[in-house]
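Chemist: So that we are looking at the same thing, I have put the structure below in structure tokens.
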Amino acid sequence: MIAGRSGTQKSGFALFWVAQMNLPTLYFSADMSPFTASSRLASMATGETTEEVEAGMKRNRISRSRYLDALADSRITFSFGAPITWRAVDEELEAYVELWDEYPQVIVFDNLMDFDAAETDYTEQMAVMSGVTELARSTGATVMILHHASDKTWEAKSDPWSPPSRDQVKGGLSEKPELTLSVALDPTSMEYRVAVIKQRMGPSDPTARQYAVLYCEPERTRFHARPYARTTHHMIGG
């Protein structure tokens with residue numbers, strides 16, 4: 001699970017992660033449009049901003065061909081639409097196996113509250129988590145699911161750029177996965193802070209006070225181990 005408050009680049013981080021792994025991936029997105037997803041991937045590959053990519057895609061056939069060439073090696077297959085339903089998951093998996101004769105090695109659900117009937121219903125959210133666990137076991141895939149942390153706690157208001165602690169993850173659902181990461185973005189420094197708040201077979205810090213630091217370029221959907229040169233920056237919700 002990747003958990004964080006609203007606007008903390010959860011989708012961008014997950015997309016960057018699976019793109020860097022370059023494993024056969026099935027990505028269920030209820031938020032991104034096909035155009036947004038392809039623009040983000042092309043931005044990662046070319047180093048151009050998503051705005052530059054989107055303008056280039058609309059400019060002419062030569063520009064579009066250049067971006068399509070940059071995406072040629074991508075191993076991510078997308079399924080778009082909201083809400084996410086188990087019927088759609090089954091159909092997409094059947095189609096994937098029909099095409100590739102194997103299950104994807106990575107499956108991403110963006111996000112938990114976009115599953116049918118799971119927006120506010122805790123019982124349904126628990127059912128989704130149980131279904132995701134069973135899916136991982138039956139397919140052998142690594143399954144990532146994105147989820148929200150509360151924006152209304154005292155910590156969220158007093159220290160909004162620190163990763164939320166485990167008790168701030170909505171519904172207490174961070175307990176279910178093998179590994180739960182808590183993420184936050186500091187827009188003043190573009191530090192991307194990643195805390196391990198639950199790990200079944202390793203160390204974790206439920207308070208999220210211990211975290212690793214990456215540096216984020218939201219406009220290019222890129223994350224770096226070290227600070228990067230920049231003249232301007234702006235946040236893009238994820």
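Ordering of the structure tokens sets the chain letters (A, B, ...), residue numbers begin anew at 1 in every chain, and ligands are numbered from 1 in the order given.
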Which polymer residues have any atom within 7 Å of an atom of segment 72-80 of chain A, counting only C-alpha atoms, with same-chain residues fewer than 5 positions away left out, as number ranges by chain?
Modeler: A: 22-30, 33
Chemist: I need the helix (DSSP H, G or I) residues of segment 42-200 of chain A per DSSP on the backbone, written as a ChimeraX atom specification.
Modeler: /A:42-46,50-59,61-70,86-100,112-114,122-139,154-158,166-168,170-175
Chemist: Would you mind telling me which residue in A:His224, A:Arg64, A:Trp161, A:Val169 lies nearest to Arg209 of chain A when using only C-alpha atoms?
Modeler: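 Between A:His224, A:Arg64, A:Trp161, A:Val169, the residue approaching Arg209 of chain A most closely is A:Trp161.
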Chemist: Can you pull out the residues contacting segment 147-153 of chain A? Cut-off 12 Å, using only C-alpha atoms, and skip same-chain residues under 4 positions away; I want them as an MDAnalysis selection string.
Modeler: chainID A and resid 1:11 14 108:115 118:120 125 128:129 157:174 177 180:184 238
Chemist: Atom CA of Arg220 of chain A and atom CA of Met21 of chain A, how far apart in Å?
Modeler: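 Taking atom CA of Met21 of chain A as the start and atom CA of Arg220 of chain A as the end point, the length is 17.5 Å.
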Chemist: Would you mind listing what lies within 9 Å of Glu191 of chain A as a VMD selection string, with only C-alpha atoms counted and same-chain residues fewer than 6 positions away left out?
Modeler: chain A and resid 184 to 185 213 to 216 227
Chemist: Using only C-alpha atoms, pick whichever of A:Ser138, A:Thr85, A:Ser65, A:Ser204 has the shortest atom-to-atom distance to Glu124 of chain A.
Modeler: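 Once distances to Glu124 of chain A are computed over only C-alpha atoms, the minimum belongs to A:Thr85.
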Chemist: Please return as an NGL selection string: the residues of segment 3-155 of chain A that backbone DSSP assigns to strand (DSSP E or B).
Modeler: :A and (3-4 or 25-29 or 76-80 or 84 or 106-110 or 115 or 142-149)
Chemist: Find the residues around Gln199 of chain A up to 7 Å (only C-alpha atoms counted), leave out those fewer than 3 positions away in its own chain, and share them as a ChimeraX atom specification.
Modeler: /A:178-180,196,202-204
Chemist: With a distance cut-off of 9 Å and only C-alpha atoms, select the neighbouring residues of segment 38-53 of chain A, excluding the residue or stretch itself and same-chain residues fewer than 6 positions from it, and output the selection as a ChimeraX atom specification.
Modeler: /A:12,15-16,19,63-64,67-68,70-71,74,218-222
